[in-house]
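First up is the structure itself, then whatever we jot down about it.
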Amino acid sequence: MGRCIGTATPAELEHAQRLLTDRHVTAPFVEPGDDEYELWRAGKLVPFYLTELLNAGGHFGPEVDTACLAEEPAVDRWEVGVEYPSWEQTVALARFLDVRVRDLAHPDAEPRHHEVRPRLKISGLAILSFEPAAVSAVTAGAGGLLHDQVTDTTTARR
């Protein structure tokens, strides 16, 4: 929404409710496919989902950043939506949490600017989007990565 809930439109409230209630972990980690890559590339990751899964597993501290191929405080910055994880970091996070990449995302999520976005996690605050600039900084130029990897592997065999 990007503003105080008291000033949100009914559509914004419905959108937030959908993101908060639709989340569910469907299966343990498996290597992601093109559909999950496209969710990541479109900025569909939801910071709140990352926080909830990390908290549920009792995961915190620099060990989480290391497991996610990041340097502290990257994961904290992901949780407030001011930094977007790379594709490799997203896959590492899903693997660490033993969930699929799709369980870190929602198809209705979209990057949104928040005038009053916190710098640190605040208990009880559900952050539902990443800053658009954070998403574009990481995904700009990201094409069909999974397709390109298959093509590169095929070309390398010739």
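How things are named: the first chain in the structure tokens is A, the next is B, and so on; residues count from 1 in each chain; ligands count from 1 in the order shown.
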
At most 12 Å is the cut-off: for each residue in range 13-36 of chain A with any atom that close to an atom of range 133-144 of chain A, write down the nearest atom pair and the distance in Å rounded to one decimal, counting only C-alpha atoms, chain first then increasing number, as a Markdown table.
```
| residue | atom | partner | partner_atom | distance |
| --- | --- | --- | --- | --- |
| A:Gly33 | CA | A:Gly144 | CA | 10.9 |
| A:Asp34 | CA | A:Gly144 | CA | 7.9 |
| A:Asp35 | CA | A:Gly144 | CA | 10.5 |
| A:Glu36 | CA | A:Gly144 | CA | 11.4 |
```

**OP:** List the neighbours of Phe130 in chain A out to 8 Å using only C-alpha atoms; skip same-chain residues closer than 5 positions along the sequence, and give me the result as a PyMOL selection string.
**Re:** chain A and resi 43+45-47+78+80-84+110-113+135

Now that the selection is made, can you save its residues with N, CA and C atoms as a CSV table (one decimal), in the first residue's frame?
```csv
chain,number,residue,atom,x,y,z
A,43,GLY,N,9.5,-9.4,-9.5
A,43,GLY,CA,9.4,-8.7,-8.2
A,43,GLY,C,8.3,-9.2,-7.3
A,45,LEU,N,8.5,-11.6,-5.0
A,45,LEU,CA,8.8,-12.0,-3.7
A,45,LEU,C,8.1,-11.1,-2.6
A,46,VAL,N,7.8,-11.7,-1.5
A,46,VAL,CA,7.1,-10.9,-0.4
A,46,VAL,C,7.9,-10.9,0.8
A,47,PRO,N,8.4,-9.8,1.2
A,47,PRO,CA,9.3,-9.7,2.4
A,47,PRO,C,8.7,-10.4,3.7
A,78,TRP,N,16.4,-7.5,3.1
A,78,TRP,CA,15.4,-8.2,2.3
A,78,TRP,C,14.0,-8.1,3.0
A,80,VAL,N,12.8,-6.0,5.1
A,80,VAL,CA,12.1,-4.7,5.1
A,80,VAL,C,11.9,-4.2,3.6
A,81,GLY,N,12.4,-5.0,2.6
A,81,GLY,CA,12.1,-4.6,1.3
A,81,GLY,C,12.9,-3.6,0.6
A,82,VAL,N,14.0,-3.2,1.2
A,82,VAL,CA,14.9,-2.2,0.6
A,82,VAL,C,16.0,-2.8,-0.2
A,83,GLU,N,16.2,-4.0,-0.2
A,83,GLU,CA,17.2,-4.7,-1.0
A,83,GLU,C,16.5,-6.0,-1.5
A,84,TYR,N,16.7,-6.3,-2.8
A,84,TYR,CA,16.1,-7.5,-3.4
A,84,TYR,C,17.2,-8.6,-3.6
A,110,GLU,N,3.5,-7.0,-6.0
A,110,GLU,CA,4.2,-6.1,-6.9
A,110,GLU,C,5.0,-5.1,-6.2
A,111,PRO,N,6.2,-4.8,-6.7
A,111,PRO,CA,7.0,-3.8,-6.0
A,111,PRO,C,6.2,-2.5,-5.9
A,112,ARG,N,6.4,-1.9,-4.7
A,112,ARG,CA,5.7,-0.6,-4.4
A,112,ARG,C,6.6,0.3,-3.5
A,113,HIS,N,6.5,1.5,-3.8
A,113,HIS,CA,7.3,2.5,-3.0
A,113,HIS,C,6.6,2.8,-1.8
A,135,VAL,N,14.2,-3.9,-6.7
A,135,VAL,CA,13.9,-5.0,-7.7
A,135,VAL,C,14.6,-4.7,-9.0
```

Subject >> Interatomic distance, CA of Pro28 in chain A to CA of Ala70 in chain A (Å, one decimal) >> reply: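 Between these atoms lies a distance of 22.2 Å.
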
**OP:** Find the spatial neighbours of Ala92 in chain A, counting only C-alpha atoms, within a cut-off of 7 Å - ignore same-chain residues fewer than 6 positions away - and output them as a PyMOL selection string.
**Re:** chain A and resi 67-69

Subject >> 12 Å contact set for Pro73 in chain A, only C-alpha atoms, chain neighbours under 5 positions out, as a list of chain:residue names >> reply: A:Phe60, A:Gly61, A:Pro62, A:Glu63, A:Val64, A:Asp65, A:Thr66, A:Cys68, A:Trp78, A:Glu79, A:Val80, A:Val82, A:Glu83, A:Pro85, A:Arg119, A:Leu120, A:Lys121

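Distance check against Trp87 in chain A using only C-alpha atoms: of A:Ala74, A:Leu39, A:Ala16, A:Val30, the minimum falls on A:Leu39.
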
Original post:
What's the 12 Å shell around His15 in chain A, counting only C-alpha atoms, without same-chain residues fewer than 4 positions away, as number ranges by chain?
Top reply: A: 1, 5, 8-11, 19-22, 106-110, 128-129

Subject >> helix (DSSP H, G or I) residues, from DSSP on the backbone, in chain A, as a ChimeraX atom specification >> reply: /A:5-7,10-21,34-41,47-56,62-67,74-80,87-97,101-104,132-139,145-157
